[in-house]
Amino acid sequence: MPPSFVYSPKYVIDIGDHVFPTRKFGLVAESMGTEGELIEPSLPTKEDLLLAHDADWIDKVLSGKMSLDDETLMELPFSPEISGAHQISVSGTILACRHALEHGVGLHIGGGSHHAFRNHGEGFCVLNDIACGILRMKADGKIKRAAVIDLDVHQGNGTAAIFTGDKDVFTFSMHQEDIYPERKEKSSLDVGLRAGTGDTAFLSLLEENIDKVFEHNPELVVYQAGVDCYEHDVLGGLKLTVDGLARRDKLVFEACRARSVAAAVVLGGGYAACIKDTAALHAQTLRTFAQIS
Ligand SMILES: [Zn+2]
């Protein structure tokens, strides 16, 4: 059976001269569309959003009545298109979580908005699709325990904060220590890295720590596979090569497969100087999990 990739063309929005390249979603979809089926998610219900967010914040996102402070914190020029794309991205990750539980893996060409908190958005993130996905699966009685493996160059601060005190969800974030977010939240397990960390050190730390995630016995892992730890990323300062990132993804894939744990993949960040590099790295992650060689 050809793999399915969850994707909406509405993810591609013209937000002017902005470091966040929404065009990357279209490029990844173009390349994965030749390898499998693209499945388009619809808008989530308000209940889906309320699983991880306060009603006040959801009202702001749905009505578009943001304050200047809200927009500044999000670092996005908020618009109905952005609101729509970020809402659909929540259903996209929910769908990817369902696919993961049904088929072993779920693949979302989008998502990974790990800087969104219960009551506000931050760092290009409006709604925390990762948290909504996990909490939807829990609310539907499909799982009891889940884990987040977040290997984006930035700490998954919103995800960590949302799941603080939730013993059913283990959050693991490995990230560069000296960049945004300046104030780190406390994940279940944080590994902070120095600028300049390369393949060898990164992969050995990942190997050393990933078992701790599975000691929690998750039935579902959501993998935030941000590729902004790439050596030519504009925002990140880590030095992972294309091959290093491939080995990173394979390590996570094999760790889930060896234990028969369902894995849902969301893209996360990626700001390489050349957008085609970012798209190729995201596609590499998806191919690893779809087992396309
Ligand atoms: Zn990032």
# chains A, B, ... in the order shown; residues from 1 in each chain; ligands from 1
call {"tool": "residues_around", "arguments": {"residues": "segment 245-251 of chain A", "least_positions_apart": "4", "cutoff": "7 Å", "atoms": "only C-alpha atoms", "output": "PyMOL selection string"}}
result
chain A and resi 203+240-241+255+284-285+288
call {"tool": "select_by_dssp", "arguments": {"residues": "segment 50-242 of chain A", "states": "alpha helix (DSSP H)", "output": "ChimeraX atom specification"}}
result
/A:50,55-63,68-74,80-103,129-139,157-162,199-214,242
call {"tool": "residues_near_ligand", "arguments": {"ligand": "ligand 1", "cutoff": "8 Å", "atoms": "only C-alpha atoms and all ligand atoms", "output": "JSON list (two decimals) with N, CA, C and O atoms, in the first residue's frame"}}
result
[["chain", "number", "residue", "atom", "x", "y", "z"],
["A", 152, "ASP", "N", 13.85, 19.51, 17.18],
["A", 152, "ASP", "CA", 14.00, 20.84, 16.59],
["A", 152, "ASP", "C", 15.14, 21.55, 17.32],
["A", 152, "ASP", "O", 15.42, 21.25, 18.48],
["A", 153, "VAL", "N", 15.79, 22.51, 16.66],
["A", 153, "VAL", "CA", 16.92, 23.19, 17.31],
["A", 153, "VAL", "C", 16.46, 24.05, 18.50],
["A", 153, "VAL", "O", 17.24, 24.35, 19.40],
["A", 154, "HIS", "N", 15.16, 24.42, 18.49],
["A", 154, "HIS", "CA", 14.62, 25.23, 19.59],
["A", 154, "HIS", "C", 13.89, 24.34, 20.60],
["A", 154, "HIS", "O", 13.28, 23.34, 20.23],
["A", 155, "GLN", "N", 13.93, 24.75, 21.87],
["A", 155, "GLN", "CA", 13.25, 23.94, 22.89],
["A", 155, "GLN", "C", 11.73, 23.93, 22.66],
["A", 155, "GLN", "O", 11.14, 24.96, 22.30],
["A", 226, "GLY", "N", 12.02, 18.87, 13.50],
["A", 226, "GLY", "CA", 12.55, 20.12, 12.97],
["A", 226, "GLY", "C", 13.94, 19.92, 12.35],
["A", 226, "GLY", "O", 14.77, 19.19, 12.91],
["A", 227, "VAL", "N", 14.16, 20.55, 11.21],
["A", 227, "VAL", "CA", 15.46, 20.39, 10.54],
["A", 227, "VAL", "C", 16.30, 21.67, 10.67],
["A", 227, "VAL", "O", 17.24, 21.88, 9.91],
["A", 228, "ASP", "N", 15.96, 22.50, 11.68],
["A", 228, "ASP", "CA", 16.74, 23.71, 11.87],
["A", 228, "ASP", "C", 18.03, 23.46, 12.66],
["A", 228, "ASP", "O", 18.74, 24.41, 13.00],
["A", 235, "LEU", "N", 18.68, 30.31, 11.50],
["A", 235, "LEU", "CA", 18.32, 30.59, 12.90],
["A", 235, "LEU", "C", 19.07, 29.72, 13.90],
["A", 235, "LEU", "O", 19.30, 30.14, 15.03],
["A", 236, "GLY", "N", 19.40, 28.51, 13.50],
["A", 236, "GLY", "CA", 20.06, 27.58, 14.43],
["A", 236, "GLY", "C", 21.57, 27.66, 14.32],
["A", 236, "GLY", "O", 22.11, 28.14, 13.32],
["A", 268, "GLY", "N", 7.92, 20.64, 12.03],
["A", 268, "GLY", "CA", 8.67, 21.59, 12.84],
["A", 268, "GLY", "C", 9.46, 22.58, 11.98],
["A", 268, "GLY", "O", 9.16, 22.78, 10.80],
["A", 269, "GLY", "N", 10.50, 23.17, 12.60],
["A", 269, "GLY", "CA", 11.23, 24.27, 11.96],
["A", 269, "GLY", "C", 12.22, 23.83, 10.90],
["A", 269, "GLY", "O", 12.57, 22.66, 10.78],
["A", 270, "GLY", "N", 12.67, 24.82, 10.13],
["A", 270, "GLY", "CA", 13.65, 24.59, 9.07],
["A", 270, "GLY", "C", 13.84, 25.89, 8.32],
["A", 270, "GLY", "O", 12.90, 26.36, 7.69]]
call {"tool": "closest_residue", "arguments": {"among": "A:Leu38, A:Val148, A:Ala280, A:Ala225", "to": "Pro3 of chain A", "atoms": "only C-alpha atoms"}}
result
A:Leu38
call {"tool": "residues_around", "arguments": {"residues": "Gly106 of chain A", "least_positions_apart": "4", "cutoff": "6 Å", "atoms": "only C-alpha atoms", "output": "compact mmCIF listing (two decimals) with N, CA and C atoms, in the first residue's frame"}}
result
# COMPACT_ATOMS: atom_id res chain seq x y z
N ALA A 96 -2.71 12.52 11.62
CA ALA A 96 -1.45 11.77 11.61
C ALA A 96 -1.36 10.85 12.84
N CYS A 97 -1.85 11.31 13.98
CA CYS A 97 -1.85 10.46 15.19
C CYS A 97 -2.77 9.26 14.97
N HIS A 99 -3.57 7.90 12.04
CA HIS A 99 -2.87 7.01 11.10
C HIS A 99 -1.80 6.19 11.82
N ALA A 100 -1.07 6.87 12.72
CA ALA A 100 0.01 6.18 13.45
C ALA A 100 -0.55 5.01 14.25
N ALA A 264 3.93 9.33 15.07
CA ALA A 264 3.37 10.38 14.21
C ALA A 264 4.46 11.43 14.02
call {"tool": "atom_distance", "arguments": {"atom1": "atom CA of Ala52 of chain A", "atom2": "atom CA of Arg118 of chain A"}}
result
5.9 Å
call {"tool": "atom_distance", "arguments": {"atom1": "atom CA of Ile130 of chain A", "atom2": "atom CA of Ser8 of chain A"}}
result
16.9 Å
call {"tool": "decode", "arguments": {"residues": "segment 160-175 of chain A", "atoms": "C-alpha atoms", "output": "tab-separated table (two decimals), in the first residue's frame"}}
result
chain	number	residue	atom	x	y	z
A	160	ALA	CA	6.57	21.22	27.90
A	161	ALA	CA	4.41	23.82	29.64
A	162	ILE	CA	1.12	22.32	28.43
A	163	PHE	CA	2.05	18.86	29.71
A	164	THR	CA	3.57	19.98	33.01
A	165	GLY	CA	1.98	17.84	35.71
A	166	ASP	CA	0.50	15.36	33.21
A	167	LYS	CA	2.04	12.04	34.22
A	168	ASP	CA	0.70	10.33	31.08
A	169	VAL	CA	2.75	12.39	28.65
A	170	PHE	CA	6.55	12.34	28.60
A	171	THR	CA	8.16	15.30	26.86
A	172	PHE	CA	11.74	15.02	25.59
A	173	SER	CA	13.42	18.02	24.01
A	174	MET	CA	16.98	18.13	22.69
A	175	HIS	CA	17.85	21.63	21.54
